[in-house]
Amino acid sequence: FLQRLSQSRTEEFRRVERARMLLHYTEGLSIPKIAELLNTTGPKVNRCVDKALERGIKDALEEDQRSGRPPEVTPEAKAWVLSLACQKPKELGYSYEVWSIRLLASHVRTNAENEGHSCLVNFHINPVMVFQDKVV
């Protein structure tokens, strides 16, 4: 199971990396050596191994629920932004053929409340996140 997961190209990177950590650990490698091989930190490897020893391999591969403030942007609001991004600005009265990040964010802020998405009134787009297939 771990061997297959550690070589996966479709699985989430975090899970693949954790599978590799656990495989190396079962091979008898030290925490610092595993960290060096996987180009990560010792504490990260240590947390993964400790979690596997305490709660099992399957739990060690998964993300723990994090505390903190729940997301403020609703799934409906995200869907609305994505639907806008899939439209051409010309269809909405702009003179542009394609959206710039700045124009899309401005349009969202201006129209969010009228569209029932007041959580987006202060909306901004982080360009780095856009290229990671996420809109924040």
# chains A, B, ... in the order shown; residues from 1 in each chain; ligands from 1
>>> residues_around(residues="Met21 (chain A)", least_positions_apart="4", cutoff="9 Å", atoms="only C-alpha atoms", output="PyMOL selection string")
chain A and resi 6+16-17+25-26+31+34-35+38+45+48-49
>>> write_last_selection(atoms="N, CA and C atoms", output="PDB file, in the first residue's frame")
ATOM      1  N   SER A   6       3.524   5.837  -2.527  1.00  0.00           N
ATOM      2  CA  SER A   6       4.749   6.645  -2.595  1.00  0.00           C
ATOM      3  C   SER A   6       5.181   6.925  -4.033  1.00  0.00           C
ATOM      4  N   VAL A  16       1.732  11.499  -0.659  1.00  0.00           N
ATOM      5  CA  VAL A  16       2.862  10.788  -1.270  1.00  0.00           C
ATOM      6  C   VAL A  16       4.117  10.999  -0.430  1.00  0.00           C
ATOM      7  N   GLU A  17       4.346  12.240  -0.028  1.00  0.00           N
ATOM      8  CA  GLU A  17       5.527  12.547   0.779  1.00  0.00           C
ATOM      9  C   GLU A  17       5.488  11.802   2.116  1.00  0.00           C
ATOM     10  N   TYR A  25      11.291   5.090   6.990  1.00  0.00           N
ATOM     11  CA  TYR A  25      11.391   4.779   8.417  1.00  0.00           C
ATOM     12  C   TYR A  25      11.355   3.265   8.644  1.00  0.00           C
ATOM     13  N   THR A  26      10.477   2.571   7.915  1.00  0.00           N
ATOM     14  CA  THR A  26      10.400   1.108   8.068  1.00  0.00           C
ATOM     15  C   THR A  26      11.655   0.419   7.539  1.00  0.00           C
ATOM     16  N   ILE A  31      15.600   9.701  11.248  1.00  0.00           N
ATOM     17  CA  ILE A  31      14.763  10.872  10.944  1.00  0.00           C
ATOM     18  C   ILE A  31      15.564  11.919  10.159  1.00  0.00           C
ATOM     19  N   ILE A  34      16.059  10.719   6.562  1.00  0.00           N
ATOM     20  CA  ILE A  34      14.807  10.783   5.789  1.00  0.00           C
ATOM     21  C   ILE A  34      14.541  12.224   5.374  1.00  0.00           C
ATOM     22  N   ALA A  35      14.721  13.146   6.311  1.00  0.00           N
ATOM     23  CA  ALA A  35      14.498  14.564   6.015  1.00  0.00           C
ATOM     24  C   ALA A  35      15.426  15.023   4.894  1.00  0.00           C
ATOM     25  N   LEU A  38      14.327  13.498   1.460  1.00  0.00           N
ATOM     26  CA  LEU A  38      13.077  14.048   0.931  1.00  0.00           C
ATOM     27  C   LEU A  38      13.082  15.572   0.877  1.00  0.00           C
ATOM     28  N   VAL A  45       9.143  15.134   9.552  1.00  0.00           N
ATOM     29  CA  VAL A  45       9.256  13.673   9.478  1.00  0.00           C
ATOM     30  C   VAL A  45       8.891  13.071  10.829  1.00  0.00           C
ATOM     31  N   CYS A  48       5.147  12.955  11.412  1.00  0.00           N
ATOM     32  CA  CYS A  48       4.524  11.908  10.597  1.00  0.00           C
ATOM     33  C   CYS A  48       4.754  10.529  11.214  1.00  0.00           C
ATOM     34  N   VAL A  49       5.972  10.255  11.600  1.00  0.00           N
ATOM     35  CA  VAL A  49       6.309   8.953  12.188  1.00  0.00           C
ATOM     36  C   VAL A  49       5.586   8.779  13.525  1.00  0.00           C
TER      37      VAL A  49
END
>>> residues_around(residues="Leu120 (chain A)", least_positions_apart="2", cutoff="12 Å", atoms="only C-alpha atoms", output="number ranges by chain")
A: 71-81, 105-118, 122-125, 136
>>> write_last_selection(atoms="N, CA and C atoms", output="PDB file, in the first residue's frame")
ATOM      1  N   PRO A  71     -13.838  29.322   7.147  1.00  0.00           N
ATOM      2  CA  PRO A  71     -13.783  30.176   5.964  1.00  0.00           C
ATOM      3  C   PRO A  71     -14.990  31.106   5.907  1.00  0.00           C
ATOM      4  N   GLU A  72     -14.741  32.325   5.467  1.00  0.00           N
ATOM      5  CA  GLU A  72     -15.816  33.308   5.398  1.00  0.00           C
ATOM      6  C   GLU A  72     -16.490  33.331   4.033  1.00  0.00           C
ATOM      7  N   VAL A  73     -15.816  32.852   3.020  1.00  0.00           N
ATOM      8  CA  VAL A  73     -16.385  32.863   1.676  1.00  0.00           C
ATOM      9  C   VAL A  73     -17.177  31.573   1.489  1.00  0.00           C
ATOM     10  N   THR A  74     -18.456  31.724   1.167  1.00  0.00           N
ATOM     11  CA  THR A  74     -19.331  30.561   1.024  1.00  0.00           C
ATOM     12  C   THR A  74     -19.029  29.809  -0.268  1.00  0.00           C
ATOM     13  N   PRO A  75     -19.384  28.538  -0.324  1.00  0.00           N
ATOM     14  CA  PRO A  75     -19.203  27.780  -1.571  1.00  0.00           C
ATOM     15  C   PRO A  75     -19.967  28.410  -2.744  1.00  0.00           C
ATOM     16  N   GLU A  76     -21.136  28.977  -2.460  1.00  0.00           N
ATOM     17  CA  GLU A  76     -21.921  29.629  -3.516  1.00  0.00           C
ATOM     18  C   GLU A  76     -21.188  30.847  -4.067  1.00  0.00           C
ATOM     19  N   ALA A  77     -20.554  31.613  -3.156  1.00  0.00           N
ATOM     20  CA  ALA A  77     -19.810  32.799  -3.587  1.00  0.00           C
ATOM     21  C   ALA A  77     -18.608  32.392  -4.438  1.00  0.00           C
ATOM     22  N   LYS A  78     -17.922  31.328  -4.036  1.00  0.00           N
ATOM     23  CA  LYS A  78     -16.791  30.840  -4.836  1.00  0.00           C
ATOM     24  C   LYS A  78     -17.267  30.412  -6.219  1.00  0.00           C
ATOM     25  N   ALA A  79     -18.408  29.726  -6.258  1.00  0.00           N
ATOM     26  CA  ALA A  79     -18.953  29.279  -7.546  1.00  0.00           C
ATOM     27  C   ALA A  79     -19.299  30.473  -8.429  1.00  0.00           C
ATOM     28  N   TRP A  80     -19.817  31.534  -7.818  1.00  0.00           N
ATOM     29  CA  TRP A  80     -20.157  32.738  -8.582  1.00  0.00           C
ATOM     30  C   TRP A  80     -18.899  33.364  -9.189  1.00  0.00           C
ATOM     31  N   VAL A  81     -17.833  33.464  -8.388  1.00  0.00           N
ATOM     32  CA  VAL A  81     -16.572  34.036  -8.891  1.00  0.00           C
ATOM     33  C   VAL A  81     -16.027  33.176 -10.032  1.00  0.00           C
ATOM     34  N   ALA A 105     -11.325  41.085  -9.833  1.00  0.00           N
ATOM     35  CA  ALA A 105     -11.501  41.397  -8.412  1.00  0.00           C
ATOM     36  C   ALA A 105     -12.349  42.646  -8.233  1.00  0.00           C
ATOM     37  N   SER A 106     -12.125  43.646  -9.058  1.00  0.00           N
ATOM     38  CA  SER A 106     -12.908  44.881  -8.987  1.00  0.00           C
ATOM     39  C   SER A 106     -14.379  44.609  -9.307  1.00  0.00           C
ATOM     40  N   HIS A 107     -14.625  43.817 -10.337  1.00  0.00           N
ATOM     41  CA  HIS A 107     -16.003  43.482 -10.711  1.00  0.00           C
ATOM     42  C   HIS A 107     -16.697  42.730  -9.570  1.00  0.00           C
ATOM     43  N   VAL A 108     -15.984  41.808  -8.961  1.00  0.00           N
ATOM     44  CA  VAL A 108     -16.552  41.040  -7.851  1.00  0.00           C
ATOM     45  C   VAL A 108     -16.907  41.967  -6.700  1.00  0.00           C
ATOM     46  N   ARG A 109     -15.980  42.830  -6.306  1.00  0.00           N
ATOM     47  CA  ARG A 109     -16.245  43.752  -5.192  1.00  0.00           C
ATOM     48  C   ARG A 109     -17.440  44.648  -5.480  1.00  0.00           C
ATOM     49  N   THR A 110     -17.535  45.138  -6.712  1.00  0.00           N
ATOM     50  CA  THR A 110     -18.599  46.071  -7.085  1.00  0.00           C
ATOM     51  C   THR A 110     -19.968  45.391  -7.115  1.00  0.00           C
ATOM     52  N   ASN A 111     -20.026  44.138  -7.535  1.00  0.00           N
ATOM     53  CA  ASN A 111     -21.311  43.481  -7.771  1.00  0.00           C
ATOM     54  C   ASN A 111     -21.691  42.408  -6.754  1.00  0.00           C
ATOM     55  N   ALA A 112     -20.814  42.103  -5.836  1.00  0.00           N
ATOM     56  CA  ALA A 112     -21.044  40.991  -4.905  1.00  0.00           C
ATOM     57  C   ALA A 112     -22.315  41.161  -4.084  1.00  0.00           C
ATOM     58  N   GLU A 113     -22.509  42.327  -3.512  1.00  0.00           N
ATOM     59  CA  GLU A 113     -23.665  42.523  -2.636  1.00  0.00           C
ATOM     60  C   GLU A 113     -24.977  42.384  -3.404  1.00  0.00           C
ATOM     61  N   ASN A 114     -25.036  42.966  -4.603  1.00  0.00           N
ATOM     62  CA  ASN A 114     -26.252  42.861  -5.420  1.00  0.00           C
ATOM     63  C   ASN A 114     -26.547  41.423  -5.817  1.00  0.00           C
ATOM     64  N   GLU A 115     -25.512  40.607  -5.920  1.00  0.00           N
ATOM     65  CA  GLU A 115     -25.671  39.200  -6.316  1.00  0.00           C
ATOM     66  C   GLU A 115     -25.885  38.286  -5.107  1.00  0.00           C
ATOM     67  N   GLY A 116     -25.957  38.878  -3.906  1.00  0.00           N
ATOM     68  CA  GLY A 116     -26.216  38.091  -2.703  1.00  0.00           C
ATOM     69  C   GLY A 116     -24.983  37.463  -2.078  1.00  0.00           C
ATOM     70  N   HIS A 117     -23.826  38.032  -2.365  1.00  0.00           N
ATOM     71  CA  HIS A 117     -22.572  37.484  -1.827  1.00  0.00           C
ATOM     72  C   HIS A 117     -21.819  38.570  -1.065  1.00  0.00           C
ATOM     73  N   SER A 118     -22.419  39.052   0.003  1.00  0.00           N
ATOM     74  CA  SER A 118     -21.806  40.146   0.761  1.00  0.00           C
ATOM     75  C   SER A 118     -20.450  39.751   1.354  1.00  0.00           C
ATOM     76  N   ASN A 122     -15.104  42.760   0.179  1.00  0.00           N
ATOM     77  CA  ASN A 122     -13.688  43.134   0.301  1.00  0.00           C
ATOM     78  C   ASN A 122     -12.786  42.148  -0.431  1.00  0.00           C
ATOM     79  N   PHE A 123     -13.306  41.534  -1.458  1.00  0.00           N
ATOM     80  CA  PHE A 123     -12.639  40.468  -2.195  1.00  0.00           C
ATOM     81  C   PHE A 123     -11.344  40.929  -2.851  1.00  0.00           C
ATOM     82  N   HIS A 124     -10.340  40.062  -2.799  1.00  0.00           N
ATOM     83  CA  HIS A 124      -9.107  40.253  -3.560  1.00  0.00           C
ATOM     84  C   HIS A 124      -8.661  38.881  -4.052  1.00  0.00           C
ATOM     85  N   ILE A 125      -7.892  38.860  -5.097  1.00  0.00           N
ATOM     86  CA  ILE A 125      -7.374  37.601  -5.629  1.00  0.00           C
ATOM     87  C   ILE A 125      -5.872  37.597  -5.425  1.00  0.00           C
ATOM     88  N   VAL A 136      -8.497  32.627  -3.847  1.00  0.00           N
ATOM     89  CA  VAL A 136      -8.574  33.027  -2.450  1.00  0.00           C
ATOM     90  C   VAL A 136      -8.953  34.486  -2.397  1.00  0.00           C
TER      91      VAL A 136
END
>>> atom_distance(atom1="CA of Leu2 (chain A)", atom2="CA of Leu29 (chain A)")
15.9 Å
>>> atom_distance(atom1="CA of Ala85 (chain A)", atom2="CA of Pro70 (chain A)")
24.6 Å
>>> select_by_dssp(residues="chain A", states="helix (DSSP H, G or I)", output="PyMOL selection string")
chain A and resi 2-6+13-26+31-37+42-55+57-61+75-86+89-92+101-111+118-120+127-130
>>> atom_distance(atom1="CA of Leu22 (chain A)", atom2="CA of Leu61 (chain A)")
9.2 Å
>>> residues_around(residues="Ala60 (chain A)", least_positions_apart="6", cutoff="9 Å", atoms="only C-alpha atoms", output="short mmCIF file (atom, residue, chain, number, x, y, z; two decimals) with N, CA and C atoms, in the first residue's frame")
data_model
loop_
_atom_site.label_atom_id
_atom_site.label_comp_id
_atom_site.auth_asym_id
_atom_site.auth_seq_id
_atom_site.Cartn_x
_atom_site.Cartn_y
_atom_site.Cartn_z
N ARG A 15 0.30 13.42 0.79
CA ARG A 15 0.13 11.99 1.10
C ARG A 15 1.29 11.17 0.55
N ARG A 18 4.33 11.77 2.75
CA ARG A 18 4.21 11.06 4.03
C ARG A 18 4.43 9.56 3.84
N ALA A 19 3.91 9.01 2.75
CA ALA A 19 4.12 7.58 2.47
C ALA A 19 5.61 7.30 2.32
N LEU A 22 7.29 7.27 5.74
CA LEU A 22 7.02 6.05 6.49
C LEU A 22 7.75 4.85 5.90
N ARG A 47 6.91 14.25 13.16
CA ARG A 47 5.46 14.32 13.39
C ARG A 47 4.74 13.19 12.64
N CYS A 48 5.15 12.96 11.41
CA CYS A 48 4.52 11.91 10.60
C CYS A 48 4.75 10.53 11.21
N VAL A 49 5.97 10.25 11.60
CA VAL A 49 6.31 8.95 12.19
C VAL A 49 5.59 8.78 13.52
N ASP A 50 5.61 9.81 14.37
CA ASP A 50 4.92 9.74 15.67
C ASP A 50 3.43 9.47 15.48
N LYS A 51 2.84 10.15 14.53
CA LYS A 51 1.42 9.98 14.25
C LYS A 51 1.13 8.54 13.81
N ALA A 52 1.99 7.99 12.98
CA ALA A 52 1.82 6.61 12.51
C ALA A 52 1.94 5.62 13.67
N LEU A 53 2.89 5.86 14.55
CA LEU A 53 3.09 4.96 15.69
C LEU A 53 1.94 5.05 16.68
N GLU A 54 1.39 6.25 16.85
CA GLU A 54 0.30 6.46 17.82
C GLU A 54 -1.06 6.05 17.27
#
